[in-house]
$ cat protein12.cif   # mmCIF, C-alpha atoms and all ligand atoms
data_final
loop_
_atom_site.label_atom_id
_atom_site.label_comp_id
_atom_site.auth_asym_id
_atom_site.auth_seq_id
_atom_site.Cartn_x
_atom_site.Cartn_y
_atom_site.Cartn_z
CA MET G 1 -65.90 104.72 -115.96
CA LYS G 2 -64.90 101.81 -113.69
CA LYS G 3 -67.68 100.46 -111.49
CA TYR G 4 -67.34 99.09 -107.97
CA ALA G 5 -69.94 98.27 -105.31
CA VAL G 6 -70.51 96.66 -101.95
CA LEU G 7 -72.91 93.68 -101.93
CA GLY G 8 -74.78 92.89 -98.74
CA TYR G 9 -78.04 92.66 -96.83
CA PRO G 10 -78.75 95.04 -95.29
CA VAL G 11 -76.25 97.39 -96.90
CA THR G 12 -77.80 100.85 -96.57
CA HIS G 13 -75.72 101.42 -93.39
CA SER G 14 -72.42 100.63 -95.19
CA LEU G 15 -69.80 103.37 -94.87
CA SER G 16 -67.49 101.90 -97.53
CA PRO G 17 -68.45 104.54 -100.15
CA LEU G 18 -67.13 107.20 -97.74
CA ILE G 19 -63.71 105.58 -98.01
CA HIS G 20 -63.48 104.68 -101.71
CA THR G 21 -65.17 107.67 -103.35
CA PRO G 22 -62.70 110.33 -102.04
CA ALA G 23 -59.74 108.05 -102.80
CA PHE G 24 -60.83 107.63 -106.46
CA ALA G 25 -61.32 111.40 -106.69
CA TYR G 26 -57.95 112.19 -105.07
CA LEU G 27 -56.08 109.94 -107.51
CA LYS G 28 -58.23 111.16 -110.44
CA ILE G 29 -59.39 107.62 -111.17
CA ASN G 30 -62.60 107.67 -113.19
CA ALA G 31 -64.60 105.27 -111.01
CA GLU G 32 -67.73 105.10 -108.91
CA TYR G 33 -68.54 103.04 -105.80
CA THR G 34 -72.16 102.17 -105.00
CA LYS G 35 -74.14 99.92 -102.65
CA ILE G 36 -76.18 96.96 -103.88
CA GLU G 37 -78.64 95.47 -101.42
CA ILE G 38 -79.52 91.88 -102.30
CA HIS G 39 -82.13 89.83 -100.48
CA PRO G 40 -80.45 86.54 -99.50
CA GLN G 41 -82.99 84.54 -101.53
CA GLU G 42 -82.05 86.59 -104.61
CA PHE G 43 -78.28 86.23 -104.27
CA ARG G 44 -77.72 83.54 -106.92
CA ARG G 45 -79.91 85.30 -109.49
CA THR G 46 -78.34 88.71 -108.79
CA VAL G 47 -74.80 87.36 -109.13
CA SER G 48 -75.67 85.94 -112.60
CA LEU G 49 -77.05 89.35 -113.60
CA LEU G 50 -73.95 91.15 -112.27
CA LYS G 51 -71.78 88.77 -114.32
CA GLU G 52 -73.55 90.01 -117.47
CA GLU G 53 -72.76 93.64 -116.62
CA ASN G 54 -69.59 95.69 -116.76
CA TRP G 55 -68.27 95.64 -113.16
CA HIS G 56 -64.65 95.94 -112.01
CA GLY G 57 -64.85 94.88 -108.40
CA PHE G 58 -66.94 94.34 -105.30
CA ASN G 59 -66.77 94.37 -101.56
CA VAL G 60 -68.86 91.65 -99.98
CA THR G 61 -70.37 92.03 -96.55
CA ILE G 62 -72.90 90.36 -94.21
CA PRO G 63 -74.28 87.76 -94.97
CA PHE G 64 -72.58 86.77 -98.25
CA LYS G 65 -68.85 86.47 -97.40
CA GLN G 66 -68.94 82.67 -97.41
CA GLU G 67 -71.72 82.06 -99.94
CA VAL G 68 -70.03 84.15 -102.64
CA ILE G 69 -67.06 81.76 -102.87
CA GLN G 70 -68.94 79.29 -105.12
CA TYR G 71 -69.40 81.99 -107.78
CA LEU G 72 -65.71 82.92 -108.08
CA ASP G 73 -63.35 81.85 -110.87
CA PHE G 74 -60.28 82.11 -108.62
CA ILE G 75 -59.65 82.54 -104.93
CA ASP G 76 -56.58 83.84 -103.14
CA PRO G 77 -55.10 80.99 -100.98
CA ALA G 78 -55.39 83.02 -97.74
CA ALA G 79 -59.09 83.71 -98.38
CA GLU G 80 -59.65 80.05 -99.21
CA LYS G 81 -58.15 78.99 -95.87
CA ILE G 82 -60.26 81.56 -93.98
CA GLY G 83 -63.35 80.46 -95.91
CA ALA G 84 -64.63 84.02 -96.41
CA VAL G 85 -64.21 86.64 -99.14
CA ASN G 86 -64.77 90.39 -98.67
CA THR G 87 -63.15 91.65 -101.90
CA ILE G 88 -63.65 90.61 -105.52
CA SER G 89 -61.51 91.84 -108.36
CA ILE G 90 -62.82 91.41 -111.93
CA ASP G 91 -60.35 91.28 -114.83
CA GLU G 92 -60.77 92.21 -118.50
CA ASN G 93 -61.94 88.64 -119.28
CA ASN G 94 -64.68 89.00 -116.66
CA LYS G 95 -62.98 86.49 -114.35
CA TRP G 96 -63.82 87.00 -110.66
CA THR G 97 -61.02 86.56 -108.07
CA GLY G 98 -61.84 86.60 -104.34
CA TYR G 99 -59.67 87.94 -101.52
CA ASN G 100 -60.01 88.50 -97.79
CA THR G 101 -58.60 91.82 -96.54
CA ASP G 102 -60.30 91.63 -93.11
CA ALA G 103 -57.50 89.48 -91.65
CA GLN G 104 -54.72 91.91 -92.61
CA GLY G 105 -56.91 94.87 -91.69
CA PHE G 106 -57.43 93.37 -88.24
CA LEU G 107 -53.73 92.64 -87.72
CA ARG G 108 -52.44 96.07 -88.73
CA PRO G 109 -53.23 98.04 -85.50
CA LEU G 110 -52.20 95.05 -83.40
CA LEU G 111 -48.78 94.90 -85.07
CA GLU G 112 -48.45 98.67 -84.78
CA SER G 113 -49.05 98.34 -81.03
CA GLY G 114 -46.09 95.95 -80.79
CA ALA G 115 -48.27 93.08 -79.55
CA ASP G 116 -47.00 89.51 -79.70
CA PRO G 117 -49.77 87.46 -78.06
CA GLU G 118 -49.34 83.80 -77.13
CA SER G 119 -52.92 83.33 -75.94
CA CYS G 120 -56.21 84.70 -77.23
CA LEU G 121 -59.80 84.64 -76.10
CA LEU G 122 -61.97 84.98 -79.21
CA LEU G 123 -65.55 86.07 -78.61
CA GLY G 124 -67.72 85.09 -81.57
CA ALA G 125 -67.48 82.57 -84.40
CA GLY G 126 -69.05 84.36 -87.38
CA GLY G 127 -67.43 85.64 -90.57
CA ALA G 128 -65.23 88.23 -88.87
CA ALA G 129 -64.08 85.68 -86.28
CA ARG G 130 -62.85 83.45 -89.10
CA ALA G 131 -60.64 86.22 -90.53
CA VAL G 132 -59.42 87.21 -87.07
CA SER G 133 -58.58 83.69 -85.89
CA PHE G 134 -56.76 82.63 -89.07
CA GLY G 135 -54.97 85.99 -89.18
CA LEU G 136 -53.77 85.59 -85.59
CA ALA G 137 -52.71 81.97 -86.05
CA GLU G 138 -50.81 82.86 -89.22
CA GLN G 139 -49.09 85.96 -87.81
CA PHE G 140 -48.16 85.05 -84.24
CA ASN G 141 -46.70 82.06 -82.40
CA LEU G 142 -49.99 81.39 -80.68
CA LEU G 143 -49.98 78.64 -78.09
CA LYS G 144 -53.64 78.84 -77.14
CA MET G 145 -56.91 80.17 -78.53
CA THR G 146 -60.21 79.75 -76.73
CA ILE G 147 -63.43 80.48 -78.63
CA VAL G 148 -66.65 81.48 -76.90
CA ASN G 149 -69.80 81.88 -78.99
CA ARG G 150 -73.54 81.93 -78.39
CA SER G 151 -73.92 79.00 -80.82
CA ALA G 152 -71.37 76.48 -79.58
CA ASP G 153 -71.58 74.37 -82.76
CA LYS G 154 -70.17 77.23 -84.85
CA ALA G 155 -67.31 77.69 -82.39
CA GLU G 156 -66.56 73.93 -82.53
CA LYS G 157 -66.52 74.03 -86.32
CA LEU G 158 -64.13 76.99 -86.40
CA ALA G 159 -61.79 75.39 -83.84
CA ALA G 160 -61.74 72.15 -85.87
CA GLU G 161 -60.85 74.05 -89.06
CA LEU G 162 -58.04 75.96 -87.32
CA LYS G 163 -56.62 72.69 -85.99
CA LYS G 164 -56.23 71.42 -89.55
CA TYR G 165 -53.68 74.16 -90.29
CA TYR G 166 -52.07 75.22 -87.01
CA ASP G 167 -50.55 73.55 -83.93
CA ALA G 168 -51.89 75.83 -81.19
CA ASP G 169 -54.33 74.57 -78.58
CA PHE G 170 -57.72 75.56 -80.04
CA SER G 171 -60.65 74.98 -77.72
CA VAL G 172 -64.24 76.05 -77.13
CA SER G 173 -65.58 77.33 -73.84
CA THR G 174 -68.50 79.14 -72.26
CA VAL G 175 -68.69 82.48 -70.46
CA GLU G 176 -69.38 80.62 -67.20
CA ASN G 177 -66.31 78.40 -67.60
CA ILE G 178 -64.01 81.29 -68.44
CA LYS G 179 -65.06 83.02 -65.22
CA LEU G 180 -64.87 79.82 -63.20
CA LEU G 181 -61.46 78.70 -64.46
CA ASN G 182 -59.97 82.15 -64.03
CA THR G 183 -57.89 81.71 -67.21
CA ARG G 184 -55.80 84.73 -68.24
CA PHE G 185 -55.23 85.78 -71.87
CA ASP G 186 -52.77 88.12 -73.64
CA LEU G 187 -55.46 89.21 -76.10
CA ILE G 188 -59.26 89.32 -75.91
CA VAL G 189 -61.15 90.07 -79.14
CA ASN G 190 -64.83 90.80 -79.50
CA THR G 191 -65.97 89.77 -82.97
CA THR G 192 -69.66 89.51 -82.06
CA SER G 193 -72.24 92.12 -82.98
CA LEU G 194 -72.88 92.71 -79.27
CA GLY G 195 -72.25 96.40 -78.56
CA MET G 196 -73.57 98.04 -81.71
CA GLY G 197 -76.94 99.09 -83.13
CA ARG G 198 -79.81 97.53 -81.24
CA LEU G 199 -77.25 95.55 -79.21
CA LYS G 200 -75.50 98.73 -77.96
CA GLY G 201 -74.41 98.46 -74.32
CA LYS G 202 -74.32 94.64 -74.43
CA TYR G 203 -71.25 92.40 -74.23
CA LEU G 204 -70.56 88.69 -73.88
CA LEU G 205 -68.11 88.88 -71.00
CA SER G 206 -66.34 91.54 -68.99
CA PRO G 207 -62.67 91.69 -70.09
CA ALA G 208 -61.58 91.87 -66.45
CA SER G 209 -62.65 88.25 -65.91
CA ALA G 210 -60.09 86.94 -68.44
CA ALA G 211 -57.39 89.60 -68.92
CA GLY G 212 -53.81 88.69 -68.12
CA GLU G 213 -51.05 91.16 -67.37
CA ASN G 214 -50.52 93.56 -70.35
CA CYS G 215 -53.62 92.15 -72.04
CA ILE G 216 -54.88 93.95 -75.14
CA VAL G 217 -58.66 94.19 -75.49
CA TYR G 218 -59.79 94.59 -79.10
CA ASP G 219 -63.36 95.23 -80.28
CA LEU G 220 -64.12 95.03 -84.02
CA ILE G 221 -67.00 97.46 -83.60
CA TYR G 222 -66.21 101.06 -84.58
CA ASN G 223 -69.61 102.65 -84.01
CA PRO G 224 -69.76 103.49 -81.13
CA GLN G 225 -66.01 104.10 -80.93
CA THR G 226 -65.96 102.96 -77.31
CA THR G 227 -68.32 100.07 -76.70
CA LYS G 228 -69.31 99.08 -73.19
CA PHE G 229 -66.86 96.16 -73.58
CA LEU G 230 -63.97 98.58 -74.29
CA GLN G 231 -65.15 100.95 -71.58
CA LEU G 232 -64.91 98.14 -69.01
CA ALA G 233 -61.40 97.36 -70.26
CA GLU G 234 -60.37 101.01 -69.99
CA GLU G 235 -61.66 101.11 -66.43
CA GLN G 236 -59.26 98.24 -65.67
CA LYS G 237 -56.43 100.26 -67.29
CA LEU G 238 -56.10 97.64 -70.04
CA ARG G 239 -54.85 98.60 -73.51
CA THR G 240 -57.69 98.80 -76.04
CA ILE G 241 -58.15 98.91 -79.82
CA ASN G 242 -61.47 99.65 -81.54
CA GLY G 243 -62.63 98.58 -85.02
CA LEU G 244 -61.99 101.86 -86.85
CA PRO G 245 -58.37 101.28 -87.97
CA MET G 246 -59.34 97.77 -89.13
CA PHE G 247 -62.28 99.15 -91.09
CA ILE G 248 -60.12 101.74 -92.84
CA HIS G 249 -57.24 99.36 -93.49
CA GLN G 250 -59.32 96.50 -94.91
CA ALA G 251 -60.87 99.01 -97.33
CA ALA G 252 -57.47 100.43 -98.27
CA LEU G 253 -56.28 96.91 -99.12
CA SER G 254 -59.35 96.32 -101.34
CA PHE G 255 -58.58 99.61 -103.08
CA GLN G 256 -55.00 98.49 -103.69
CA ILE G 257 -56.16 95.15 -105.15
CA TRP G 258 -58.52 96.93 -107.56
CA THR G 259 -56.33 99.83 -108.66
CA GLY G 260 -52.77 98.59 -108.09
CA GLN G 261 -52.20 101.89 -106.25
CA GLU G 262 -51.56 102.62 -102.59
CA PHE G 263 -54.54 104.14 -100.80
CA PRO G 264 -53.71 107.89 -100.58
CA ALA G 265 -52.44 108.85 -97.13
CA ALA G 266 -53.95 112.33 -97.50
CA VAL G 267 -57.42 110.75 -97.74
CA THR G 268 -56.79 108.42 -94.78
CA ALA G 269 -56.04 111.40 -92.58
CA ASP G 270 -59.60 112.73 -92.92
CA LEU G 271 -61.42 109.39 -92.83
CA SER G 272 -61.80 108.87 -89.09
CA LYS G 273 -63.61 112.20 -88.73
CA THR G 274 -65.85 111.58 -91.78
CA ILE G 275 -66.77 108.07 -90.65
CA LEU G 276 -67.52 109.02 -87.07
CA ARG G 277 -69.81 111.85 -88.21
CA HIS G 278 -72.14 109.21 -89.76
P1 LIG A 1 -71.73 87.40 -88.39
O1 LIG A 1 -71.01 86.46 -89.30
O2 LIG A 1 -73.19 87.60 -88.55
O3 LIG A 1 -71.38 86.94 -86.87
C1 LIG A 1 -72.02 87.56 -85.78
C2 LIG A 1 -71.42 87.05 -84.47
O4 LIG A 1 -72.06 87.75 -83.39
C3 LIG A 1 -71.67 85.57 -84.22
O5 LIG A 1 -70.63 85.05 -83.43
C4 LIG A 1 -73.00 85.60 -83.44
O6 LIG A 1 -73.22 84.46 -82.64
C5 LIG A 1 -72.76 86.80 -82.55
N1 LIG A 1 -74.02 87.40 -82.10
C6 LIG A 1 -74.91 88.12 -82.85
N2 LIG A 1 -75.96 88.50 -82.09
C7 LIG A 1 -75.73 88.01 -80.85
C8 LIG A 1 -76.45 88.05 -79.61
N3 LIG A 1 -77.63 88.68 -79.52
N4 LIG A 1 -75.93 87.44 -78.55
C9 LIG A 1 -74.73 86.79 -78.62
N5 LIG A 1 -74.00 86.70 -79.75
C10 LIG A 1 -74.50 87.31 -80.85
O7 LIG A 1 -71.10 88.86 -88.49
P2 LIG A 1 -69.57 89.27 -88.74
O8 LIG A 1 -69.35 89.59 -90.17
O9 LIG A 1 -68.71 88.22 -88.10
O10 LIG A 1 -69.49 90.67 -87.94
C11 LIG A 1 -69.47 90.67 -86.54
C12 LIG A 1 -69.13 92.06 -85.99
O11 LIG A 1 -67.84 92.46 -86.44
C13 LIG A 1 -70.10 93.15 -86.44
O12 LIG A 1 -70.30 94.03 -85.36
C14 LIG A 1 -69.35 93.86 -87.56
O13 LIG A 1 -69.73 95.21 -87.68
C15 LIG A 1 -67.92 93.74 -87.04
N6 LIG A 1 -66.94 93.80 -88.14
C16 LIG A 1 -66.08 94.87 -88.14
C17 LIG A 1 -65.14 94.96 -89.16
C18 LIG A 1 -64.19 96.13 -89.19
O14 LIG A 1 -63.58 96.38 -90.24
N7 LIG A 1 -64.00 96.83 -88.09
C19 LIG A 1 -65.07 93.99 -90.17
C20 LIG A 1 -65.95 92.89 -90.12
C21 LIG A 1 -66.89 92.83 -89.09
P3 LIG A 1 -74.01 83.18 -83.26
O15 LIG A 1 -72.99 82.41 -84.05
O16 LIG A 1 -74.51 82.47 -82.08
O17 LIG A 1 -75.10 83.73 -84.13
#

$ encode --input "protein12.cif" --output "structure tokens"
Amino acid sequence: MKKYAVLGYPVTHSLSPLIHTPAFAYLKINAEYTKIEIHPQEFRRTVSLLKEENWHGFNVTIPFKQEVIQYLDFIDPAAEKIGAVNTISIDENNKWTGYNTDAQGFLRPLLESGADPESCLLLGAGGAARAVSFGLAEQFNLLKMTIVNRSADKAEKLAAELKKYYDADFSVSTVENIKLLNTRFDLIVNTTSLGMGRLKGKYLLSPASAAGENCIVYDLIYNPQTTKFLQLAEEQKLRTINGLPMFIHQAALSFQIWTGQEFPAAVTADLSKTILRH
């Protein structure tokens, strides 16, 4: 039997098994997908133990997406640029290769919507923001990206890294300045954790204060399906995208990396309902 797992802390809430387990079953692949919770102080030791065991692949989630890179044998160039890995594939020689499927997962619903943004307001500068910002800069002819984050130093660092690879105008701002300057964006993306769990109902900035004409407002959170941030956007009749299609698509891409097979469409059809029931 092939063995896969998601590594994270905390990880009990992870819904990834709900995606991979039915897909393995549907395609009659003899594999199991489990969750491994690792205390951050135990990460190095646990990775060495996992390397001694017979694993075939991992998903990596909060807070290890960046830290895990040092333990890989190979890294996909796109993941290296982003500086975060959410998928590891392990070959028959026990070599670990890291990938990032969050960026493509994020882009998928945006491309399907026909969007072609030239300006983006990025809320947040954590692991997901890295995948989102590099994905956007790679995919579109972006002229401008403004990053707003609680910790300004992290936003500055991300903007500096983006500038190394792309020509757009990457800058850092504050909520107050965005409101004051009345700048208008084609796309506003919430990549912060504000809006879910104990932070339900919270948001960094109301989309109305920065949305241009035809602006798309995108929230990476999928539980709740409509965060307060998206609700405010809907009230302004702005187009919105929640995090559910991204969540499903990033997982489907991991599945494809591990198995070499397309994620079964018949399983995808039922996923939204299954995920939202949890
Ligand atoms: P992360 O690396 O821990 O980053 C968290 C971000 O949220 C940082 O920008 C952080 O700001 C900000 N933040 C957290 N608490 C805050 C607060 N109380 N006030 C203001 N800002 C706060 O996490 P991540 O991996 O980027 O994930 C971020 C969100 O994206 C989560 O909700 C996650 O579920 C979601 N996500 C969804 C998908 C999907 O497939 N749909 C994939 C990945 C992530 P500081 O830098 O100041 O700490």

$ closest_residue --input "protein12.cif" --among "G:Ile62, G:Val267, G:Leu230, G:Ala115" --to "ligand LIG 1 (chain A)" --atoms "only C-alpha atoms and all ligand atoms"
G:Ile62

$ residues_around --input "protein12.cif" --residues "G:Thr240" --least-positions-apart "6" --cutoff "6 Å" --atoms "only C-alpha atoms" --output "PyMOL selection string"
chain G and resi 216-218

$ residues_around --input "protein12.cif" --residues "G:Ala129" --least-positions-apart "6" --cutoff "8 Å" --atoms "only C-alpha atoms" --output "list in words"
Leu122, Leu123, Thr191 and Thr192 of chain G

$ atom_distance --input "protein12.cif" --atom1 "atom CA of G:Asp73" --atom2 "atom CA of G:Gln41"
21.9 Å

$ residues_near_ligand --input "protein12.cif" --ligand "ligand LIG 1 (chain A)" --cutoff "6 Å" --atoms "only C-alpha atoms and all ligand atoms" --output "NGL selection string"
:G and (62 or 124-129 or 149-151 or 154 or 191-194 or 220-222 or 243-244 or 246-247)

$ closest_residue --input "protein12.cif" --among "G:Phe140, G:Val6, G:Met145, G:Ile69" --to "G:Ile19" --atoms "only C-alpha atoms"
G:Val6

$ atom_distance --input "protein12.cif" --atom1 "atom CA of G:Ile88" --atom2 "atom CA of G:Phe58"
5.0 Å

$ atom_distance --input "protein12.cif" --atom1 "atom CA of G:Asp219" --atom2 "atom CA of G:Asn190"
4.7 Å

$ residues_around --input "protein12.cif" --residues "G:Val172" --least-positions-apart "5" --cutoff "8 Å" --atoms "all atoms listed in the file" --output "ChimeraX atom specification"
/G:146-148,152,155-156,159

$ residues_around --input "protein12.cif" --residues "G:Ala5" --least-positions-apart "6" --cutoff "12 Å" --atoms "only C-alpha atoms" --output "ChimeraX atom specification"
/G:11,14-17,20-21,31-38,50,54-61,86-90,254-255,258

$ residues_around --input "protein12.cif" --residues "G:Phe106" --least-positions-apart "3" --cutoff "7 Å" --atoms "only C-alpha atoms" --output "PyMOL selection string"
chain G and resi 102-103+109+132+246

$ closest_residue --input "protein12.cif" --among "G:Ala23, G:Leu204, G:Met196, G:Leu276" --to "G:Thr227" --atoms "all atoms listed in the file"
G:Met196

$ build_atoms --input "protein12.cif" --residues "stretch 145-170 of chain G" --atoms "N, CA and C atoms" --output "mmCIF file, in the coordinates of the input"
data_model
loop_
_atom_site.group_PDB
_atom_site.id
_atom_site.type_symbol
_atom_site.label_atom_id
_atom_site.label_comp_id
_atom_site.auth_asym_id
_atom_site.auth_seq_id
_atom_site.Cartn_x
_atom_site.Cartn_y
_atom_site.Cartn_z
ATOM 1 N N MET G 145 -55.776 79.307 -78.186
ATOM 2 C CA MET G 145 -56.910 80.170 -78.530
ATOM 3 C C MET G 145 -58.191 79.515 -78.030
ATOM 4 N N THR G 146 -58.941 80.264 -77.243
ATOM 5 C CA THR G 146 -60.210 79.750 -76.730
ATOM 6 C C THR G 146 -61.343 80.536 -77.378
ATOM 7 N N ILE G 147 -62.323 79.817 -77.929
ATOM 8 C CA ILE G 147 -63.430 80.480 -78.630
ATOM 9 C C ILE G 147 -64.702 80.348 -77.811
ATOM 10 N N VAL G 148 -65.362 81.473 -77.599
ATOM 11 C CA VAL G 148 -66.650 81.480 -76.900
ATOM 12 C C VAL G 148 -67.681 82.084 -77.841
ATOM 13 N N ASN G 149 -68.751 81.356 -78.093
ATOM 14 C CA ASN G 149 -69.800 81.880 -78.990
ATOM 15 C C ASN G 149 -71.166 81.448 -78.498
ATOM 16 N N ARG G 150 -72.172 82.280 -78.777
ATOM 17 C CA ARG G 150 -73.540 81.930 -78.390
ATOM 18 C C ARG G 150 -73.903 80.541 -78.934
ATOM 19 N N SER G 151 -73.651 80.322 -80.226
ATOM 20 C CA SER G 151 -73.920 79.000 -80.820
ATOM 21 C C SER G 151 -72.631 78.186 -80.754
ATOM 22 N N ALA G 152 -72.603 77.233 -79.815
ATOM 23 C CA ALA G 152 -71.370 76.480 -79.580
ATOM 24 C C ALA G 152 -70.953 75.671 -80.813
ATOM 25 N N ASP G 153 -71.935 75.204 -81.603
ATOM 26 C CA ASP G 153 -71.580 74.370 -82.760
ATOM 27 C C ASP G 153 -70.705 75.132 -83.754
ATOM 28 N N LYS G 154 -70.985 76.436 -83.911
ATOM 29 C CA LYS G 154 -70.170 77.230 -84.850
ATOM 30 C C LYS G 154 -68.754 77.418 -84.319
ATOM 31 N N ALA G 155 -68.635 77.562 -83.004
ATOM 32 C CA ALA G 155 -67.310 77.690 -82.390
ATOM 33 C C ALA G 155 -66.526 76.390 -82.555
ATOM 34 N N GLU G 156 -67.207 75.256 -82.371
ATOM 35 C CA GLU G 156 -66.560 73.930 -82.530
ATOM 36 C C GLU G 156 -66.052 73.760 -83.955
ATOM 37 N N LYS G 157 -66.880 74.183 -84.907
ATOM 38 C CA LYS G 157 -66.520 74.030 -86.320
ATOM 39 C C LYS G 157 -65.280 74.878 -86.643
ATOM 40 N N LEU G 158 -65.272 76.101 -86.138
ATOM 41 C CA LEU G 158 -64.130 76.990 -86.400
ATOM 42 C C LEU G 158 -62.859 76.426 -85.759
ATOM 43 N N ALA G 159 -62.969 75.962 -84.518
ATOM 44 C CA ALA G 159 -61.790 75.390 -83.840
ATOM 45 C C ALA G 159 -61.262 74.187 -84.614
ATOM 46 N N ALA G 160 -62.164 73.340 -85.120
ATOM 47 C CA ALA G 160 -61.740 72.150 -85.870
ATOM 48 C C ALA G 160 -61.015 72.560 -87.154
ATOM 49 N N GLU G 161 -61.502 73.601 -87.817
ATOM 50 C CA GLU G 161 -60.850 74.050 -89.060
ATOM 51 C C GLU G 161 -59.452 74.614 -88.776
ATOM 52 N N LEU G 162 -59.348 75.382 -87.683
ATOM 53 C CA LEU G 162 -58.040 75.960 -87.320
ATOM 54 C C LEU G 162 -57.032 74.847 -87.014
ATOM 55 N N LYS G 163 -57.510 73.793 -86.365
ATOM 56 C CA LYS G 163 -56.620 72.690 -85.990
ATOM 57 C C LYS G 163 -56.013 72.002 -87.204
ATOM 58 N N LYS G 164 -56.734 72.059 -88.330
ATOM 59 C CA LYS G 164 -56.230 71.420 -89.550
ATOM 60 C C LYS G 164 -54.949 72.092 -90.039
ATOM 61 N N TYR G 165 -54.811 73.398 -89.727
ATOM 62 C CA TYR G 165 -53.680 74.160 -90.290
ATOM 63 C C TYR G 165 -52.620 74.539 -89.272
ATOM 64 N N TYR G 166 -53.011 74.675 -88.001
ATOM 65 C CA TYR G 166 -52.070 75.220 -87.010
ATOM 66 C C TYR G 166 -51.989 74.323 -85.780
ATOM 67 N N ASP G 167 -50.816 74.454 -85.051
ATOM 68 C CA ASP G 167 -50.550 73.550 -83.930
ATOM 69 C C ASP G 167 -51.052 74.043 -82.579
ATOM 70 N N ALA G 168 -51.506 75.295 -82.502
ATOM 71 C CA ALA G 168 -51.890 75.830 -81.190
ATOM 72 C C ALA G 168 -53.034 75.012 -80.570
ATOM 73 N N ASP G 169 -53.252 75.249 -79.297
ATOM 74 C CA ASP G 169 -54.330 74.570 -78.580
ATOM 75 C C ASP G 169 -55.638 75.345 -78.805
ATOM 76 N N PHE G 170 -56.447 74.891 -79.748
ATOM 77 C CA PHE G 170 -57.720 75.560 -80.040
ATOM 78 C C PHE G 170 -58.829 74.853 -79.278
#
